[in-house]
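Shown next: data-v9.tsv, containing TSV, C-alpha atoms and all ligand atoms.
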chain	number	residue	atom	x	y	z
A	1	MET	CA	110.69	151.32	27.13
A	2	LEU	CA	114.22	150.00	27.63
A	3	SER	CA	114.86	146.25	27.45
A	4	LEU	CA	117.77	144.61	29.23
A	5	TYR	CA	118.73	141.14	28.08
A	6	TYR	CA	120.09	139.44	31.16
A	7	TYR	CA	120.89	136.24	32.98
A	8	PRO	CA	120.97	136.21	36.81
A	9	GLY	CA	124.36	137.20	38.20
A	10	ASN	CA	125.95	137.67	34.76
A	11	ALA	CA	127.51	140.91	33.52
A	12	SER	CA	123.94	142.19	33.10
A	13	LEU	CA	123.81	142.55	36.91
A	14	PHE	CA	125.62	145.89	36.73
A	15	PRO	CA	123.30	147.59	34.19
A	16	HIS	CA	120.33	146.04	36.00
A	17	MET	CA	121.40	147.68	39.29
A	18	LEU	CA	122.04	150.90	37.42
A	19	LEU	CA	118.59	150.95	35.78
A	20	ARG	CA	117.00	150.61	39.22
A	21	GLU	CA	119.25	153.28	40.73
A	22	LEU	CA	118.27	155.62	37.88
A	23	GLY	CA	114.56	154.92	38.36
A	24	ALA	CA	114.29	154.20	34.63
A	25	ALA	CA	111.36	152.29	33.14
A	26	PHE	CA	112.67	149.01	31.75
A	27	GLU	CA	111.80	145.41	31.13
A	28	LEU	CA	114.00	142.38	31.72
A	29	ARG	CA	114.39	139.77	29.00
A	30	LEU	CA	115.88	136.50	30.19
A	31	VAL	CA	118.58	135.00	27.96
A	32	ASP	CA	118.48	131.38	29.04
A	33	ARG	CA	122.12	130.38	29.30
A	34	THR	CA	121.08	126.90	30.41
A	35	ARG	CA	119.90	126.47	26.81
A	36	ASP	CA	122.73	128.54	25.25
A	37	ALA	CA	120.17	131.13	24.20
A	38	GLN	CA	123.01	133.66	23.95
A	39	LYS	CA	124.19	131.75	20.87
A	40	SER	CA	120.74	131.53	19.23
A	41	PRO	CA	120.28	133.16	15.80
A	42	GLU	CA	117.79	135.66	17.31
A	43	TYR	CA	120.19	136.76	20.04
A	44	LEU	CA	123.21	136.88	17.71
A	45	LYS	CA	121.32	139.53	15.72
A	46	LEU	CA	121.48	141.70	18.85
A	47	ASN	CA	125.04	140.79	19.84
A	48	PRO	CA	127.06	138.87	17.25
A	49	HIS	CA	129.56	137.97	20.01
A	50	GLY	CA	126.89	135.95	21.81
A	51	ARG	CA	127.52	137.63	25.14
A	52	ILE	CA	125.20	138.98	27.83
A	53	PRO	CA	124.04	141.77	28.33
A	54	VAL	CA	122.37	143.73	25.56
A	55	LEU	CA	120.35	146.91	26.05
A	56	VAL	CA	117.67	147.86	23.53
A	57	ASP	CA	116.32	151.41	23.51
A	58	GLY	CA	114.07	151.91	20.52
A	59	ASP	CA	116.26	151.51	17.46
A	60	LEU	CA	119.43	151.43	19.54
A	61	VAL	CA	120.87	147.97	20.21
A	62	LEU	CA	123.89	148.16	22.49
A	63	TYR	CA	126.24	145.52	23.85
A	64	GLU	CA	129.32	145.83	26.13
A	65	THR	CA	128.47	146.37	29.77
A	66	ALA	CA	130.57	149.49	30.25
A	67	ALA	CA	129.17	151.13	27.11
A	68	ILE	CA	125.63	150.39	28.28
A	69	ALA	CA	126.37	151.98	31.66
A	70	LEU	CA	127.96	155.07	30.12
A	71	TYR	CA	124.95	155.49	27.83
A	72	LEU	CA	122.52	155.15	30.73
A	73	VAL	CA	124.24	157.67	33.00
A	74	ASP	CA	124.34	160.14	30.11
A	75	ARG	CA	120.63	159.64	29.48
A	76	HIS	CA	119.88	160.37	33.14
A	77	PRO	CA	122.20	163.21	34.19
A	78	GLU	CA	119.66	164.26	36.83
A	79	ALA	CA	120.41	161.07	38.78
A	80	GLY	CA	124.00	162.20	39.37
A	81	LEU	CA	125.49	158.73	38.94
A	82	ALA	CA	128.42	160.16	36.97
A	83	PRO	CA	130.17	163.51	37.48
A	84	PRO	CA	129.52	166.31	34.94
A	85	VAL	CA	131.20	165.89	31.52
A	86	GLY	CA	134.51	167.72	31.13
A	87	THR	CA	135.42	167.76	34.81
A	88	PRO	CA	138.42	166.07	36.48
A	89	GLU	CA	135.92	163.98	38.44
A	90	ARG	CA	134.41	162.74	35.18
A	91	ALA	CA	137.90	161.78	34.01
A	92	GLN	CA	138.38	159.68	37.15
A	93	PHE	CA	134.99	158.09	36.54
A	94	TYR	CA	136.08	157.11	33.01
A	95	LYS	CA	139.31	155.72	34.42
A	96	TRP	CA	137.45	153.40	36.79
A	97	MET	CA	134.90	152.32	34.19
A	98	VAL	CA	137.62	151.44	31.70
A	99	HIS	CA	139.89	149.85	34.28
A	100	LEU	CA	137.16	147.66	35.71
A	101	THR	CA	136.05	146.43	32.29
A	102	ASN	CA	139.44	145.81	30.71
A	103	THR	CA	141.36	144.56	33.75
A	104	PRO	CA	139.46	142.57	36.44
A	105	GLN	CA	136.38	141.87	34.31
A	106	ALA	CA	138.54	140.57	31.45
A	107	GLU	CA	140.73	138.57	33.86
A	108	TYR	CA	137.71	136.80	35.28
A	109	HIS	CA	137.29	135.15	31.89
A	110	ALA	CA	140.51	133.22	32.43
A	111	TRP	CA	139.43	132.37	35.99
A	112	PHE	CA	136.01	131.01	35.03
A	113	TYR	CA	136.87	129.59	31.60
A	114	PRO	CA	140.58	128.62	31.73
A	115	HIS	CA	139.99	125.86	29.15
A	116	GLU	CA	139.31	128.60	26.57
A	117	HIS	CA	142.79	130.04	27.20
A	118	VAL	CA	144.83	126.91	26.51
A	119	LEU	CA	145.57	124.53	23.66
A	120	ASP	CA	146.60	121.77	26.07
A	121	PRO	CA	143.72	120.94	28.45
A	122	ALA	CA	146.24	119.88	31.09
A	123	ALA	CA	147.41	123.51	31.30
A	124	ALA	CA	143.97	124.83	32.29
A	125	ALA	CA	144.53	124.48	36.05
A	126	THR	CA	147.76	126.48	35.88
A	127	VAL	CA	146.12	129.18	33.78
A	128	GLN	CA	143.28	129.42	36.28
A	129	ALA	CA	145.64	129.64	39.24
A	130	ALA	CA	147.63	132.38	37.51
A	131	ALA	CA	144.42	134.29	36.77
A	132	GLY	CA	143.49	133.99	40.45
A	133	GLN	CA	146.86	135.43	41.46
A	134	ARG	CA	146.50	138.30	39.02
A	135	LEU	CA	142.96	139.02	40.30
A	136	ASN	CA	144.28	139.07	43.87
A	137	GLY	CA	146.84	141.69	42.89
A	138	MET	CA	144.22	143.74	41.04
A	139	PHE	CA	141.89	143.73	44.04
A	140	ASP	CA	144.77	144.60	46.40
A	141	ARG	CA	145.43	147.69	44.30
A	142	ILE	CA	141.74	148.60	44.01
A	143	ALA	CA	141.40	148.26	47.80
A	144	GLY	CA	144.42	150.54	48.23
A	145	ALA	CA	142.96	153.17	45.90
A	146	LEU	CA	139.55	152.94	47.58
A	147	GLY	CA	140.83	153.23	51.15
A	148	ASP	CA	137.98	154.43	53.35
A	149	GLY	CA	136.32	155.87	50.23
A	150	PRO	CA	133.61	155.57	50.99
A	151	PHE	CA	133.30	155.20	47.19
A	152	LEU	CA	135.65	154.90	44.22
A	153	LEU	CA	135.29	158.63	43.50
A	154	GLY	CA	135.64	159.53	47.16
A	155	ARG	CA	132.57	161.03	48.77
A	156	THR	CA	130.34	160.69	45.70
A	157	PHE	CA	128.57	157.45	44.85
A	158	SER	CA	128.68	156.67	41.12
A	159	ALA	CA	127.81	153.95	38.63
A	160	ALA	CA	131.41	152.71	38.88
A	161	ASP	CA	130.65	151.52	42.42
A	162	LEU	CA	127.93	149.23	41.10
A	163	PHE	CA	130.42	147.82	38.59
A	164	LEU	CA	132.91	147.10	41.38
A	165	LEU	CA	130.24	145.42	43.50
A	166	MET	CA	129.44	143.01	40.66
A	167	LEU	CA	133.13	142.16	40.25
A	168	LEU	CA	133.48	141.56	44.00
A	169	ARG	CA	130.52	139.19	43.84
A	170	TRP	CA	132.10	137.20	41.04
A	171	GLY	CA	135.08	136.47	43.30
A	172	ARG	CA	133.05	135.06	46.19
A	173	GLY	CA	134.12	131.48	45.39
A	174	MET	CA	137.82	132.22	45.00
A	175	PRO	CA	140.35	130.90	47.53
A	176	ARG	CA	140.77	134.48	48.74
A	177	PRO	CA	137.47	136.26	48.01
A	178	PRO	CA	138.05	139.98	47.41
A	179	ARG	CA	135.52	140.83	50.16
A	180	THR	CA	138.06	139.54	52.70
A	181	LEU	CA	140.12	142.69	52.10
A	182	PRO	CA	138.73	145.03	54.79
A	183	ALA	CA	138.32	148.03	52.47
A	184	LEU	CA	136.43	145.94	49.91
A	185	GLY	CA	134.30	144.13	52.50
A	186	ALA	CA	133.17	147.44	54.01
A	187	PHE	CA	132.56	148.86	50.55
A	188	ALA	CA	130.43	145.86	49.55
A	189	GLU	CA	128.27	146.21	52.68
A	190	ARG	CA	127.78	149.90	51.94
A	191	VAL	CA	126.66	149.33	48.36
A	192	LEU	CA	124.61	146.22	49.14
A	193	ALA	CA	122.59	148.29	51.64
A	194	ARG	CA	121.20	150.46	48.85
A	195	PRO	CA	117.50	149.73	48.18
A	196	ALA	CA	117.97	149.60	44.39
A	197	VAL	CA	120.77	147.06	44.79
A	198	GLN	CA	118.71	144.91	47.13
A	199	ALA	CA	115.78	145.07	44.70
A	200	THR	CA	118.05	143.94	41.86
A	201	PHE	CA	119.43	140.96	43.75
A	202	ALA	CA	115.90	139.98	44.77
A	203	ALA	CA	114.58	140.33	41.21
A	204	GLU	CA	117.40	138.09	39.89
A	205	GLY	CA	116.77	135.56	42.66
A	206	LEU	CA	120.37	135.80	43.91
A	207	ALA	CA	120.81	134.26	47.34
A	208	ALA	CA	123.46	134.71	50.03
A	209	PRO	CA	126.41	134.88	50.01
A	210	LEU	CA	125.85	137.95	47.84
A	211	VAL	CA	129.55	138.83	47.59
B	301	LIG	N1	132.87	142.44	27.47
B	301	LIG	C1	131.55	141.88	27.53
B	301	LIG	C2	131.60	140.52	28.19
B	301	LIG	C3	130.24	139.95	28.46
B	301	LIG	C4	130.33	138.50	28.88
B	301	LIG	O1	131.38	137.83	28.78
B	301	LIG	N2	129.19	137.97	29.32
B	301	LIG	C5	129.13	136.58	29.73
B	301	LIG	C6	128.27	136.45	30.97
B	301	LIG	S1	128.98	137.23	32.38
B	301	LIG	C7	128.50	135.73	28.67
B	301	LIG	O2	127.61	136.18	28.00
B	301	LIG	N3	128.95	134.48	28.53
B	301	LIG	C8	128.28	133.56	27.67
B	301	LIG	C9	129.16	133.00	26.60
B	301	LIG	O3	130.32	133.42	26.49
B	301	LIG	O4	128.67	132.11	25.88
B	301	LIG	C10	130.63	142.84	28.30
B	301	LIG	O5	131.11	143.44	29.27
B	301	LIG	O6	129.46	142.98	27.93
Could you write out this structure as structure tokens?
Ligand SMILES: N[C@@H](CCC(=O)N[C@@H](CS)C(=O)NCC(=O)O)C(=O)O
Amino acid sequence: MLSLYYYPGNASLFPHMLLRELGAAFELRLVDRTRDAQKSPEYLKLNPHGRIPVLVDGDLVLYETAAIALYLVDRHPEAGLAPPVGTPERAQFYKWMVHLTNTPQAEYHAWFYPHEHVLDPAAAATVQAAAGQRLNGMFDRIAGALGDGPFLLGRTFSAADLFLLMLLRWGRGMPRPPRTLPALGAFAERVLARPAVQATFAAEGLAAPLV
């Protein structure tokens, strides 16, 4: 049985959606961020960085959202949530997985936690505003690449689309939420309509607005 250590709406949302899309048997283990459980000695044994999520599969303990997703799609090739290994389509899938994790996902850290990016607390507001501008540019370019899609890889739905949905959700409180870009708004509706995605949001108790 797989165990996913999660907190509602956190980076664990993506692997949680993916587990449901794959039809895998798994259990959820709440990491109570309200009590800083992600920094507890027990949790730090799973992820010394004190970050959510972690996936446990038998003896395997895995952190980093993108790595967890890549592992899961490889374990369930029959689900077709990633193109076959060694194909140009698989290369594009890797591109999106890596881009989403090291560009918008990383930038969100400066948006949500600007005080961790400054030595002078007075500079935090400027750092946050700059992160917001950079995120806007990133989502403009993602929207341009997506076009009418309907998905990041074109006609084929993949795990990368779940990743993008989570990142769109994280921007729902920004001055210009990414869903306001027509291509991204239509994409979000498309992915949110999937039964596994709806089940995930319900299980995490996430209420509207979802993105
Ligand atoms: N690169 C990591 C980042 C994970 C991450 O930053 N998770 C956040 C929640 S979205 C977290 O655990 N924050 C708690 C903390 O930093 O104390 C991944 O993708 O797994």
(message) Give me, as a list in words, all polymer residues having an atom no more than 6 Å from stretch 55-58 of chain A, counting only C-alpha atoms and skipping those fewer than 3 positions away in the same chain.
(response)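 So, after excluding close chain neighbours, the residues are Leu2, Ser3, Leu4, Val61 and Leu62 of chain A.
If you look at atom CA of A:Arg29 and atom CA of A:Ala159, they are 21.8 Å away from each other.
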(request) Write as a list of chain:residue names the residues around ligand LIG 301 (chain B), taking 7 Å as the cut-off and counting all atoms listed in the file. (result)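 With all atoms listed in the file and a cut-off of 7 Å, ligand LIG 301 (chain B) is contacted by A:Asn10, A:Ala11, A:Asp36, A:Gln38, A:Lys39, A:Gly50, A:Arg51, A:Ile52, A:Pro53, A:Tyr63, A:Glu64, A:Thr65, A:Ala66, A:Thr101.
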(message) I'd like to know which of A:Leu72, A:Leu146, A:Leu164, A:Leu60 is closest to A:His99, using all atoms listed in the file.
(response)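 When distances to A:His99 are compared using all atoms listed in the file, the smallest one comes from A:Leu164.
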(message) Excluding A:Ala186 and its own-chain neighbours fewer than 3 positions away, which residues fall within 12 Å of it when counting all atoms listed in the file? Please give them as a list in words.
(response) Ala143, Leu146, Gly147, Asp148, Gly149, Pro150, Phe151, Leu165, Leu168, Pro178, Arg179, Thr180, Leu181, Pro182, Ala183, Glu189, Arg190, Val191, Leu192, Ala193 and Val211 of chain A
(request) Excluding stretch 85-98 of chain A and residues on its chain fewer than 5 positions from it, collect all residues at most 9 Å away from it, counting only C-alpha atoms, and give them as an MDAnalysis selection string. (result) chainID A and resid 66 69:70 103 152:153 158:160 163
(request) May I ask for the distance between atom CA of A:Leu28 and atom CA of A:Asp74, given in Å to one decimal place? (result)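 Separation between atom CA of A:Leu28 and atom CA of A:Asp74: 20.6 Å.
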(message) Just to confirm, what's the straight-line distance from atom CA of A:Ala131 to atom CA of A:Trp111 in Å (one decimal)?
(response)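 Going from atom CA of A:Ala131 over to atom CA of A:Trp111, I get 5.4 Å.
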(request) Determine, counting all atoms listed in the file, every residue of protein, DNA or RNA that lies within 12 Å of (140.3, 137.9, 31.1) in the file coordinates, then give the result as number ranges by chain. (result) A: 100-114, 116-117, 127-128, 130-132, 134-135
With C-alpha atoms kept, could you save the residues just selected as a tab-separated table (two decimals), keeping the file's coordinate frame?
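part28.tsv, freshly written:
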chain	number	residue	atom	x	y	z
A	100	LEU	CA	137.16	147.66	35.71
A	101	THR	CA	136.05	146.43	32.29
A	102	ASN	CA	139.44	145.81	30.71
A	103	THR	CA	141.36	144.56	33.75
A	104	PRO	CA	139.46	142.57	36.44
A	105	GLN	CA	136.38	141.87	34.31
A	106	ALA	CA	138.54	140.57	31.45
A	107	GLU	CA	140.73	138.57	33.86
A	108	TYR	CA	137.71	136.80	35.28
A	109	HIS	CA	137.29	135.15	31.89
A	110	ALA	CA	140.51	133.22	32.43
A	111	TRP	CA	139.43	132.37	35.99
A	112	PHE	CA	136.01	131.01	35.03
A	113	TYR	CA	136.87	129.59	31.60
A	114	PRO	CA	140.58	128.62	31.73
A	116	GLU	CA	139.31	128.60	26.57
A	117	HIS	CA	142.79	130.04	27.20
A	127	VAL	CA	146.12	129.18	33.78
A	128	GLN	CA	143.28	129.42	36.28
A	130	ALA	CA	147.63	132.38	37.51
A	131	ALA	CA	144.42	134.29	36.77
A	132	GLY	CA	143.49	133.99	40.45
A	134	ARG	CA	146.50	138.30	39.02
A	135	LEU	CA	142.96	139.02	40.30
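Of the listed residues (A:Val31, A:Ala67, A:Ala79, A:Ala124), A:Ala79 comes nearest to A:Phe157; the distances count all atoms listed in the file.
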(message) My list of candidates is A:Ala203, A:Val54, A:Ala129, A:Val197. Which is closest to A:Arg176 when distances are computed with only C-alpha atoms?
(response)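 Ranking A:Ala203, A:Val54, A:Ala129, A:Val197 by distance to A:Arg176, first place goes to A:Ala129.
Shortest separation to A:Leu162 among A:Ala25, A:Ala188, A:Ala122, A:Met138 occurs at residue A:Ala188, atoms counted being all atoms listed in the file.
You can rank A:Val73, A:Lys45, A:Leu167, A:Tyr5 by their closest distance to A:Asp32 using only C-alpha atoms, and at the top of that list sits A:Tyr5.
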For stretch 194-205 of chain A, supply all heavy atoms and report the output as a compact mmCIF listing (two decimals), keeping the file's coordinate frame.
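The resulting file, result.txt, is reproduced below:
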# COMPACT_ATOMS: atom_id res chain seq x y z
N ARG A 194 122.03 149.55 49.64
CA ARG A 194 121.20 150.46 48.85
C ARG A 194 119.93 149.74 48.38
O ARG A 194 119.99 148.62 47.85
CB ARG A 194 121.99 150.99 47.64
CG ARG A 194 123.23 151.79 48.04
CD ARG A 194 123.99 152.26 46.82
NE ARG A 194 123.27 153.28 46.08
CZ ARG A 194 123.33 154.57 46.33
NH1 ARG A 194 124.08 155.02 47.32
NH2 ARG A 194 122.65 155.42 45.59
N PRO A 195 118.77 150.39 48.55
CA PRO A 195 117.50 149.73 48.18
C PRO A 195 117.47 149.24 46.73
O PRO A 195 116.97 148.14 46.46
CB PRO A 195 116.46 150.83 48.44
CG PRO A 195 117.08 151.71 49.48
CD PRO A 195 118.56 151.68 49.20
N ALA A 196 118.02 150.01 45.80
CA ALA A 196 117.97 149.60 44.39
C ALA A 196 118.82 148.35 44.17
O ALA A 196 118.48 147.49 43.34
CB ALA A 196 118.47 150.73 43.49
N VAL A 197 119.90 148.24 44.91
CA VAL A 197 120.77 147.06 44.79
C VAL A 197 120.06 145.84 45.37
O VAL A 197 120.04 144.76 44.76
CB VAL A 197 122.12 147.34 45.48
CG1 VAL A 197 122.98 146.08 45.54
CG2 VAL A 197 122.86 148.46 44.75
N GLN A 198 119.45 146.03 46.51
CA GLN A 198 118.71 144.91 47.13
C GLN A 198 117.57 144.45 46.21
O GLN A 198 117.34 143.26 46.04
CB GLN A 198 118.15 145.35 48.48
CG GLN A 198 119.25 145.56 49.50
CD GLN A 198 118.71 145.89 50.89
OE1 GLN A 198 117.52 145.88 51.13
NE2 GLN A 198 119.62 146.20 51.79
N ALA A 199 116.88 145.42 45.60
CA ALA A 199 115.78 145.07 44.70
C ALA A 199 116.30 144.28 43.49
O ALA A 199 115.64 143.35 43.01
CB ALA A 199 115.05 146.34 44.24
N THR A 200 117.47 144.64 43.02
CA THR A 200 118.05 143.94 41.86
C THR A 200 118.38 142.50 42.21
O THR A 200 118.04 141.57 41.47
CB THR A 200 119.33 144.66 41.39
OG1 THR A 200 119.05 146.03 41.18
CG2 THR A 200 119.88 144.02 40.13
N PHE A 201 119.05 142.31 43.35
CA PHE A 201 119.43 140.96 43.75
C PHE A 201 118.18 140.11 43.96
O PHE A 201 118.15 138.93 43.58
CB PHE A 201 120.31 140.99 45.02
CG PHE A 201 121.77 141.27 44.74
CD1 PHE A 201 122.18 142.49 44.21
CD2 PHE A 201 122.74 140.32 44.98
CE1 PHE A 201 123.52 142.75 43.94
CE2 PHE A 201 124.09 140.56 44.72
CZ PHE A 201 124.47 141.79 44.20
N ALA A 202 117.15 140.72 44.54
CA ALA A 202 115.90 139.98 44.77
C ALA A 202 115.27 139.61 43.43
O ALA A 202 114.82 138.47 43.22
CB ALA A 202 114.95 140.80 45.62
N ALA A 203 115.23 140.57 42.51
CA ALA A 203 114.58 140.33 41.21
C ALA A 203 115.31 139.23 40.43
O ALA A 203 114.69 138.49 39.66
CB ALA A 203 114.55 141.62 40.39
N GLU A 204 116.63 139.13 40.61
CA GLU A 204 117.40 138.09 39.89
C GLU A 204 117.42 136.78 40.67
O GLU A 204 118.00 135.79 40.20
CB GLU A 204 118.82 138.60 39.59
CG GLU A 204 118.83 139.79 38.63
CD GLU A 204 120.15 139.99 37.89
OE1 GLU A 204 121.06 139.16 38.02
OE2 GLU A 204 120.24 141.01 37.16
N GLY A 205 116.82 136.79 41.86
CA GLY A 205 116.77 135.56 42.66
C GLY A 205 118.13 135.14 43.19
O GLY A 205 118.39 133.96 43.37
